[in-house]
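The data block below is structure20.cif; it holds mmCIF, C-alpha atoms.
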data_structure
loop_
_atom_site.label_atom_id
_atom_site.label_comp_id
_atom_site.auth_asym_id
_atom_site.auth_seq_id
_atom_site.Cartn_x
_atom_site.Cartn_y
_atom_site.Cartn_z
CA ASN A 1 14.22 7.19 13.28
CA ALA A 2 13.43 9.64 10.51
CA GLY A 3 10.09 11.36 10.66
CA VAL A 4 7.64 11.92 7.86
CA MET A 5 9.46 13.39 4.87
CA GLN A 6 7.89 15.65 2.31
CA ASN A 7 9.36 17.18 -0.80
CA PRO A 8 9.64 19.65 -2.16
CA ARG A 9 9.24 22.00 0.77
CA HIS A 10 8.32 24.85 -1.54
CA LEU A 11 6.86 24.61 -5.02
CA VAL A 12 6.03 27.42 -7.42
CA ARG A 13 3.83 26.72 -10.42
CA ARG A 14 2.12 28.84 -13.06
CA ARG A 15 -1.57 28.44 -13.70
CA GLY A 16 -2.26 25.39 -15.84
CA GLN A 17 0.86 23.47 -14.82
CA GLU A 18 0.95 20.27 -12.82
CA ALA A 19 2.10 19.96 -9.21
CA ARG A 20 3.44 16.73 -7.73
CA LEU A 21 3.89 16.51 -3.98
CA ARG A 22 5.71 13.60 -2.38
CA CYS A 23 5.43 12.06 1.05
CA SER A 24 7.50 9.31 2.62
CA PRO A 25 5.88 8.00 5.81
CA MET A 26 7.73 7.15 8.97
CA LYS A 27 9.47 3.78 8.96
CA GLY A 28 6.99 1.06 9.77
CA HIS A 29 3.95 3.20 8.95
CA SER A 30 1.62 1.97 6.22
CA HIS A 31 -1.15 4.56 6.52
CA VAL A 32 -0.88 7.99 4.90
CA TYR A 33 -3.14 11.02 5.14
CA TRP A 34 -3.08 14.27 3.18
CA TYR A 35 -4.39 17.57 4.56
CA ARG A 36 -4.57 21.04 3.07
CA GLN A 37 -4.11 24.27 5.01
CA LEU A 38 -5.33 27.43 3.38
CA PRO A 39 -3.87 30.72 4.66
CA GLU A 40 -5.01 31.56 8.19
CA GLU A 41 -7.13 28.41 8.40
CA GLY A 42 -6.95 25.02 10.03
CA LEU A 43 -6.07 21.83 8.23
CA LYS A 44 -8.74 20.09 6.18
CA PHE A 45 -8.65 16.35 5.51
CA MET A 46 -8.25 15.39 1.86
CA VAL A 47 -7.50 11.68 1.50
CA TYR A 48 -6.47 8.58 3.43
CA LEU A 49 -4.45 5.83 1.76
CA GLN A 50 -2.91 2.52 2.60
CA LYS A 51 -0.42 0.79 0.36
CA GLU A 52 -1.93 0.56 -3.14
CA ASN A 53 -5.39 1.51 -1.86
CA ILE A 54 -7.38 4.70 -1.45
CA ILE A 55 -9.48 4.21 1.67
CA ASP A 56 -11.26 7.56 1.98
CA GLU A 57 -11.06 10.41 -0.51
CA SER A 58 -14.09 12.30 0.74
CA GLY A 59 -12.08 15.51 1.19
CA MET A 60 -10.55 15.56 -2.28
CA PRO A 61 -11.86 17.99 -4.88
CA LYS A 62 -13.64 16.01 -7.58
CA GLU A 63 -11.51 17.30 -10.43
CA ARG A 64 -7.79 17.81 -11.02
CA PHE A 65 -6.67 16.19 -7.74
CA SER A 66 -5.48 12.61 -7.37
CA ALA A 67 -3.44 10.64 -4.86
CA GLU A 68 -1.61 7.35 -4.83
CA PHE A 69 0.49 5.29 -2.46
CA PRO A 70 2.25 2.61 -4.49
CA LYS A 71 3.70 -0.61 -3.15
CA GLU A 72 7.17 0.87 -3.48
CA GLY A 73 8.05 4.52 -3.08
CA PRO A 74 6.41 7.57 -1.60
CA SER A 75 2.82 8.68 -1.65
CA ILE A 76 2.10 11.25 -4.35
CA LEU A 77 -0.50 14.01 -4.35
CA ARG A 78 -0.98 15.25 -7.89
CA ILE A 79 -2.73 18.46 -8.87
CA GLN A 80 -3.35 18.96 -12.57
CA GLN A 81 -3.91 22.34 -14.23
CA VAL A 82 -3.31 24.27 -11.04
CA VAL A 83 -5.24 27.45 -10.30
CA ARG A 84 -4.43 30.26 -7.89
CA GLY A 85 -6.92 28.86 -5.36
CA ASP A 86 -4.73 25.75 -5.03
CA SER A 87 -2.07 27.86 -3.29
CA ALA A 88 -1.82 26.38 0.19
CA ALA A 89 0.32 24.26 2.47
CA TYR A 90 -0.16 20.55 1.92
CA PHE A 91 0.66 18.30 4.84
CA CYS A 92 1.14 14.59 4.87
CA ALA A 93 0.75 12.49 8.00
CA SER A 94 1.36 8.83 8.66
CA SER A 95 0.32 6.30 11.26
CA GLN A 96 1.28 2.77 12.09
CA GLY A 97 -2.24 1.43 11.81
CA GLN A 98 -5.79 2.56 11.87
CA GLY A 99 -8.01 3.08 14.86
CA GLN A 100 -6.73 5.34 17.61
CA GLU A 101 -3.25 5.52 16.21
CA THR A 102 -1.53 8.88 16.44
CA GLN A 103 -0.86 10.64 13.14
CA TYR A 104 2.61 12.13 12.74
CA PHE A 105 2.95 15.07 10.38
CA GLY A 106 5.58 16.03 7.87
CA PRO A 107 6.90 19.60 7.45
CA GLY A 108 4.53 20.29 4.56
CA THR A 109 4.85 21.48 0.99
CA ARG A 110 3.97 25.10 0.40
CA LEU A 111 2.51 25.46 -3.08
CA LEU A 112 2.33 28.88 -4.68
CA VAL A 113 0.47 29.26 -7.96
CA LEU A 114 1.33 32.38 -9.92
CA GLY B 1 -21.06 16.45 11.63
CA ASN B 2 -17.95 16.66 13.75
CA SER B 3 -16.43 20.06 14.44
CA VAL B 4 -13.94 21.83 16.68
CA THR B 5 -14.20 25.41 17.86
CA GLN B 6 -11.22 27.29 19.25
CA MET B 7 -10.90 30.72 20.74
CA GLU B 8 -9.73 33.31 18.25
CA GLY B 9 -6.27 34.71 18.52
CA PRO B 10 -3.83 36.08 18.75
CA VAL B 11 -3.33 35.48 22.42
CA THR B 12 -0.62 37.83 23.66
CA LEU B 13 1.07 37.12 26.99
CA SER B 14 4.16 38.10 28.89
CA GLU B 15 6.69 35.45 29.81
CA GLU B 16 5.71 33.41 32.91
CA ALA B 17 2.01 34.25 32.53
CA PHE B 18 -0.69 31.59 32.78
CA LEU B 19 -2.10 30.31 29.49
CA THR B 20 -5.54 29.00 28.64
CA ILE B 21 -6.67 28.29 25.08
CA ASN B 22 -10.29 27.19 24.92
CA CYS B 23 -11.44 24.32 22.72
CA THR B 24 -14.91 22.81 22.45
CA TYR B 25 -16.07 20.07 20.15
CA THR B 26 -19.11 18.52 18.56
CA ALA B 27 -18.99 14.83 17.76
CA THR B 28 -21.52 12.10 17.12
CA GLY B 29 -19.44 9.37 18.72
CA TYR B 30 -16.72 9.16 21.34
CA PRO B 31 -13.82 11.12 19.95
CA SER B 32 -10.15 11.14 20.76
CA LEU B 33 -8.90 14.68 21.33
CA PHE B 34 -5.57 16.23 20.43
CA TRP B 35 -3.56 19.41 20.67
CA TYR B 36 -1.02 20.03 17.91
CA VAL B 37 1.50 22.89 17.79
CA GLN B 38 2.85 24.52 14.64
CA TYR B 39 6.00 26.63 14.86
CA PRO B 40 6.63 29.18 12.10
CA GLY B 41 7.39 27.54 8.77
CA GLU B 42 7.12 24.02 10.17
CA GLY B 43 4.65 21.17 10.21
CA LEU B 44 2.42 20.15 13.05
CA GLN B 45 3.77 18.40 16.10
CA LEU B 46 1.59 16.42 18.45
CA LEU B 47 1.63 18.15 21.81
CA LEU B 48 -0.73 15.94 23.81
CA LYS B 49 -3.80 13.77 23.48
CA ALA B 50 -6.61 12.14 25.46
CA THR B 51 -8.69 9.23 24.30
CA LYS B 52 -11.52 9.03 26.84
CA ALA B 53 -13.51 11.15 29.22
CA ASP B 54 -11.63 12.57 32.25
CA ASP B 55 -8.25 11.65 30.76
CA LYS B 56 -5.62 14.34 31.15
CA GLY B 57 -3.00 14.72 28.47
CA SER B 58 0.23 16.47 29.40
CA ASN B 59 3.57 17.32 27.81
CA LYS B 60 6.25 20.02 28.21
CA GLY B 61 4.25 21.74 30.95
CA PHE B 62 1.07 21.86 28.88
CA GLU B 63 -2.00 19.94 29.93
CA ALA B 64 -5.60 19.45 28.86
CA THR B 65 -8.44 17.44 30.37
CA TYR B 66 -11.11 15.67 28.31
CA ARG B 67 -14.42 16.98 29.71
CA LYS B 68 -17.32 15.08 28.21
CA GLU B 69 -19.97 16.96 30.19
CA THR B 70 -18.87 20.30 28.72
CA THR B 71 -17.49 18.84 25.46
CA SER B 72 -14.26 20.72 26.06
CA PHE B 73 -10.50 20.13 25.92
CA HIS B 74 -8.94 23.41 27.03
CA LEU B 75 -5.17 23.76 26.84
CA GLU B 76 -3.35 25.21 29.87
CA LYS B 77 0.18 26.02 30.91
CA GLY B 78 1.17 27.54 34.21
CA SER B 79 4.10 29.63 33.00
CA VAL B 80 4.67 30.32 29.31
CA GLN B 81 8.03 30.99 27.68
CA VAL B 82 8.94 33.01 24.60
CA SER B 83 9.72 29.70 22.87
CA ASP B 84 6.05 28.69 23.24
CA SER B 85 5.09 31.27 20.61
CA ALA B 86 3.36 29.24 17.89
CA VAL B 87 -0.04 28.33 16.52
CA TYR B 88 -1.97 25.74 18.54
CA PHE B 89 -4.56 23.50 16.93
CA CYS B 90 -7.20 21.49 18.72
CA ALA B 91 -8.37 18.41 16.82
CA LEU B 92 -10.51 15.32 17.15
CA SER B 93 -10.88 11.95 15.53
CA ASP B 94 -14.01 9.91 15.87
CA ARG B 95 -15.00 6.27 15.94
CA ASP B 96 -17.66 6.95 13.29
CA THR B 97 -14.90 7.70 10.80
CA GLY B 98 -12.70 4.91 12.11
CA PHE B 99 -10.47 7.50 13.76
CA GLN B 100 -9.09 8.02 10.28
CA LYS B 101 -9.75 11.72 9.81
CA LEU B 102 -8.54 14.46 12.06
CA VAL B 103 -10.94 17.38 12.27
CA PHE B 104 -9.10 20.57 13.20
CA GLY B 105 -10.06 23.87 14.71
CA THR B 106 -8.90 27.03 12.99
CA GLY B 107 -5.90 27.42 15.29
CA THR B 108 -4.98 29.96 17.94
CA ARG B 109 -1.81 31.99 17.59
CA LEU B 110 0.11 32.53 20.83
CA LEU B 111 2.61 35.37 21.12
CA VAL B 112 4.79 35.47 24.23
CA SER B 113 6.91 38.55 24.88
CA PRO B 114 9.95 38.70 27.19
#

Representation of the structure as structure tokens:
Amino acid sequence: NAGVMQNPRHLVRRRGQEARLRCSPMKGHSHVYWYRQLPEEGLKFMVYLQKENIIDESGMPKERFSAEFPKEGPSILRIQQVVRGDSAAYFCASSQGQGQETQYFGPGTRLLVL
Amino acid sequence: GNSVTQMEGPVTLSEEAFLTINCTYTATGYPSLFWYVQYPGEGLQLLLKATKADDKGSNKGFEATYRKETTSFHLEKGSVQVSDSAVYFCALSDRDTGFQKLVFGTGTRLLVSP
């Protein structure tokens, strides 16, 4: 049973470019969460999605960041016009349902903005 | 709001030493508590969890007890190995947020020498 898949594992972008991060949840999981880890810090919640719906985006920056989880295909975290402060590790997690369901994490995408 | 406080690292131990990593929390509801481990360059793996007061989570020789009276969830292991070297994150999820967001501590780095 494959775990949570994320790609790319490493992404380098220049300031002003767009970054697209992909996350495929575990088989049977319909809930996806995105977290950001800045260097030497803990993970911070960004957004929680179910298929075709954003449930909670209270941790998302108001500008340049967006997320989707279409009916078919992976969840996408999109960062437009990246800045150096966006450099971080972005982790996706999935769970089978809501409530006290355990979240399982992917290996992360490490974004470096030059 | 909800928060998690962990002891600062790094924690440096010799192999076979006893490990304690302190974690305390603040939550408005009745949280579930988790310990995640992050090995270098990898994503987070769930180590153990407890969902109600006095529960003890355990896995791979690690254990932690949910102490409501002291709002703590300290991680312990009787005899550490070099392979336990990693960053350990304490986290909570809370009924008030539908258990949908994990709130993480800043992490504690453990270094075990032979």

Give one line per residue of chain A that approaches chain B to at most 8 Å, naming the two atoms of the closest pair and their distance in Å to one decimal, counting only C-alpha atoms; sort by chain then ascending residue number and deliver it as a Markdown table.
| residue | atom | partner | partner_atom | distance |
| --- | --- | --- | --- | --- |
| A:Glu40 | CA | B:Thr106 | CA | 7.7 |
| A:Glu41 | CA | B:Thr106 | CA | 5.1 |
| A:Gly42 | CA | B:Thr106 | CA | 4.1 |
| A:Leu43 | CA | B:Phe104 | CA | 6.0 |
| A:Lys44 | CA | B:Val103 | CA | 7.0 |
| A:Phe45 | CA | B:Lys101 | CA | 6.4 |
| A:Tyr48 | CA | B:Gln100 | CA | 7.4 |
| A:Phe91 | CA | B:Gly43 | CA | 7.3 |
| A:Gln98 | CA | B:Gln100 | CA | 6.6 |
| A:Gly99 | CA | B:Phe99 | CA | 5.2 |
| A:Gln100 | CA | B:Phe99 | CA | 5.8 |
| A:Glu101 | CA | B:Phe99 | CA | 7.9 |
| A:Tyr104 | CA | B:Gln45 | CA | 7.2 |
| A:Phe105 | CA | B:Leu44 | CA | 5.8 |
| A:Gly106 | CA | B:Gly43 | CA | 5.7 |
| A:Pro107 | CA | B:Gly43 | CA | 3.9 |
| A:Gly108 | CA | B:Gly43 | CA | 5.7 |

message = Would you pick out the contacts of A:Pro61 at 12 Å or less, using only C-alpha atoms, so that residues sharing its chain but fewer than 2 positions from it are not included, and give the list as a PyMOL selection string?
response = chain A and resi 36+44-47+57-59+63-67+78-80+85-86

Restricting to all atoms listed in the file, whichever of A:Val32, A:Val4, A:Ala93, A:Ala88 is closest to A:Asn53 is A:Val32

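For B:Asn59, the list of residues within 7 Å, based on all atoms listed in the file and with local chain neighbours fewer than 2 positions off taken out, reads Leu47, Leu48, Gly61, Phe62 and Glu63 of chain B.
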
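What separates atom CA of B:Cys23 from atom CA of A:Thr109 is a distance of 27.3 Å.
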
A straight line from atom CA of A:Pro74 to atom CA of A:Ile54 spans 14.1 Å

query: Written as a count of residues only, which residues does the PyMOL selection byres ((chain A and resi 114) around 12) give for the file shown?
result: 16

**Message:** Report as a PyMOL selection string all protein, DNA and RNA residues lying within 7 Å of A:Asn7, evaluated on all atoms listed in the file, omitting residues in the same chain fewer than 3 positions from it.
**Reply:** chain A and resi 21-23+109

Identify the residues around (6.3, 29.5, 26.8) within a radius of 9 Å, measuring from all atoms listed in the file in the coordinates stated by the file, and give them as an mmCIF file with C-alpha atoms, in the coordinates of the input.
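Heads up, here's the output in point.cif:
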data_model
loop_
_atom_site.group_PDB
_atom_site.id
_atom_site.type_symbol
_atom_site.label_atom_id
_atom_site.label_comp_id
_atom_site.auth_asym_id
_atom_site.auth_seq_id
_atom_site.Cartn_x
_atom_site.Cartn_y
_atom_site.Cartn_z
ATOM 1 C CA GLU B 15 6.690 35.450 29.810
ATOM 2 C CA GLU B 16 5.710 33.410 32.910
ATOM 3 C CA ALA B 17 2.010 34.250 32.530
ATOM 4 C CA LEU B 19 -2.100 30.310 29.490
ATOM 5 C CA LYS B 77 0.180 26.020 30.910
ATOM 6 C CA SER B 79 4.100 29.630 33.000
ATOM 7 C CA VAL B 80 4.670 30.320 29.310
ATOM 8 C CA GLN B 81 8.030 30.990 27.680
ATOM 9 C CA VAL B 82 8.940 33.010 24.600
ATOM 10 C CA SER B 83 9.720 29.700 22.870
ATOM 11 C CA ASP B 84 6.050 28.690 23.240
ATOM 12 C CA SER B 85 5.090 31.270 20.610
ATOM 13 C CA LEU B 111 2.610 35.370 21.120
ATOM 14 C CA VAL B 112 4.790 35.470 24.230
#

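Atom pair atom CA of A:Gln6 / atom CA of A:Cys92: separated by 7.3 Å.
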
Nearest to A:Gln96, restricted to only C-alpha atoms and choosing among A:Ser30, A:Phe69, A:Leu49, A:Lys62, comes out as A:Ser30

Could you list, as a PyMOL selection string, every residue within 12 Å of B:Thr70, counting only C-alpha atoms and ignoring same-chain residues fewer than 5 positions away?
chain B and resi 22-26+53-54+65

Listed atoms of stretch 16-29 of chain A, axis-aligned box, 3 Å per side: centre and edge lengths to one decimal in Å, as lines of an AutoDock Vina configuration file?
center_x = 3.6
center_y = 13.2
center_z = -3.0
size_x = 17.7
size_y = 30.3
size_z = 31.6

Spatial neighbours of B:Ala64, max dist 7 Å, only C-alpha atoms, sep filter under 2 positions, as a PDB file with C-alpha atoms, in the coordinates of the input:
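This went into result_27.pdb:
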ATOM      1  CA  LYS B  56      -5.620  14.340  31.150  1.00  0.00           C
ATOM      2  CA  GLY B  57      -3.000  14.720  28.470  1.00  0.00           C
ATOM      3  CA  SER B  58       0.230  16.470  29.400  1.00  0.00           C
ATOM      4  CA  TYR B  66     -11.110  15.670  28.310  1.00  0.00           C
ATOM      5  CA  PHE B  73     -10.500  20.130  25.920  1.00  0.00           C
ATOM      6  CA  HIS B  74      -8.940  23.410  27.030  1.00  0.00           C
ATOM      7  CA  LEU B  75      -5.170  23.760  26.840  1.00  0.00           C
ATOM      8  CA  GLU B  76      -3.350  25.210  29.870  1.00  0.00           C
TER       9      GLU B  76
END
